[in-house]
Amino acid sequence: MTTTHLSEAPAASPAHATARSRLSALALAGAGVGIVLGHLLTVPPTGKASVYVADLAAHRTTGVIGGLLTAVGAFLLVPGLAAVLRLVPERGARLATIGAVLAGTGIVALGAGDVMITLVMGSLVEKHADLATTLFKISDTEPLIGLPFALAPLFVLGMVLLGIALFRARTVPIWLAVLTIVGAVGVFFSSAGGASAFIPLLPLGIALVGLGTIALRRPA
């Protein structure tokens with residue numbers, strides 16, 4: 001009978017740990033900018049299907065950039081959550097971990113949904129407007145198309161828990177922890193694009209940039 005000895009993984013050097021910490025902090029700040037600015041540029045899918053398709057065709061480049069920028073911001077939040085967890089090292093750490101898992105799951109689903117809708121509608125609106133209109137109408141009745149966006153409550157709940165954990169940890173200004181909670185709740189009051197999405201999402205964007213800035217200044 002043989003015994004296998006597993007060697008311990010070498011610890012990351014201080015330089016590597018610092019680089020990782022900085023990248024996660026920058027990702028967190030970038031997520032705030034991408035989510036808010038992306039929604040501002042996105043053509044809101046409001047009104048009749050034909051009106052939305054015509055609006056998107058008229059502003060196709062801006063709309064596609066907005067949708068993809070939103071998705072990039074959403075995906076950046078995943079590594080950015082590591083920076084948030086570093087800000088809650090002890091008190092509230094368990095709550096922060098649960099919040100990060102929920103927020104990460106929800107934001108990945110939302111990002112995937114943004115990519116899907118942006119690429120499909122952006123490809124169709126100019127030369128296949130009728131098909132784009134039909135697809136838009138189908139999305140109102142076909143639950144599978146809207147499934148990624150149905151997971152938005154996970155993101156909101158996760159960010160609220162992270163805000164509470166930050167409040168308990170007292171490692172960031174109290175107003176920033178509160179703004180994280182307010183910003184998360186603001187997601188429920190935002191639309192899919194335009195100024196009506198930008199304004200409610202602005203507190204969340206400011207909170208993410210603020211947390212990223214603090215994490216960037218903290219030692220690894």
# chains A, B, ... in the order shown; residues from 1 in each chain; ligands from 1
$ closest_atom_pairs --of "region 12-84 of chain A" --to "region 120-132 of chain A" --cutoff "10 Å" --atoms "only C-alpha atoms" --output "Markdown table"
| residue | atom | partner | partner_atom | distance |
| --- | --- | --- | --- | --- |
| A:Ala49 | CA | A:Ala132 | CA | 8.5 |
| A:Ser50 | CA | A:Ala129 | CA | 8.2 |
| A:Tyr52 | CA | A:Val125 | CA | 9.6 |
| A:Val53 | CA | A:Val125 | CA | 6.0 |
| A:Ala54 | CA | A:Val125 | CA | 7.5 |
| A:Asp55 | CA | A:Val125 | CA | 9.3 |
| A:Leu56 | CA | A:Val125 | CA | 6.9 |
| A:Ala57 | CA | A:Val125 | CA | 5.3 |
| A:Ala58 | CA | A:Glu126 | CA | 8.6 |
| A:His59 | CA | A:Gly122 | CA | 9.9 |
| A:Arg60 | CA | A:Gly122 | CA | 6.5 |
| A:Thr61 | CA | A:Gly122 | CA | 8.4 |
| A:Gly63 | CA | A:Gly122 | CA | 7.9 |
| A:Val64 | CA | A:Gly122 | CA | 6.2 |
| A:Ile65 | CA | A:Gly122 | CA | 9.9 |
| A:Gly67 | CA | A:Gly122 | CA | 9.5 |
$ residues_around --residues "Ala74 (chain A)" --least-positions-apart "5" --cutoff "12 Å" --atoms "only C-alpha atoms" --output "ChimeraX atom specification"
/A:27-39,67-69,79-81,103-115,152,155,205,208
$ residues_around --residues "Gly92 (chain A)" --least-positions-apart "3" --cutoff "7 Å" --atoms "only C-alpha atoms" --output "count of residues only"
6
$ closest_residue --among "A:Leu76, A:Leu179, A:Leu40, A:Leu26" --to "Ser191 (chain A)" --atoms "only C-alpha atoms"
A:Leu40
$ residues_around --residues "Thr171 (chain A)" --least-positions-apart "4" --cutoff "8 Å" --atoms "only C-alpha atoms" --output "compact mmCIF listing (two decimals) with C-alpha atoms, in the first residue's frame"
# COMPACT_ATOMS: atom_id res chain seq x y z
CA LEU A 87 -13.08 44.69 2.53
CA VAL A 88 -14.98 42.35 4.87
CA LEU A 166 -19.89 46.28 4.74
CA PHE A 167 -21.98 48.21 7.24
$ atom_distance --atom1 "CA of Pro200 (chain A)" --atom2 "CA of Thr42 (chain A)"
14.6 Å
$ residues_around --residues "Ile164 (chain A)" --least-positions-apart "2" --cutoff "12 Å" --atoms "only C-alpha atoms" --output "ChimeraX atom specification"
/A:88,91-100,157-162,166-172,174-182,184
$ select_by_dssp --residues "region 4-212 of chain A" --states "helix (DSSP H, G or I)" --output "VMD selection string"
chain A and resid 14 to 41 49 to 58 60 to 86 93 to 124 129 to 139 147 to 150 152 to 169 174 to 189 195 to 212
$ atom_distance --atom1 "CA of Ala25 (chain A)" --atom2 "CA of Val84 (chain A)"
8.1 Å
$ atom_distance --atom1 "CA of Ala19 (chain A)" --atom2 "CA of Ile214 (chain A)"
15.2 Å
$ closest_residue --among "A:Gly212, A:Gly193, A:Pro153, A:Pro44" --to "Ser21 (chain A)" --atoms "only C-alpha atoms"
A:Gly212
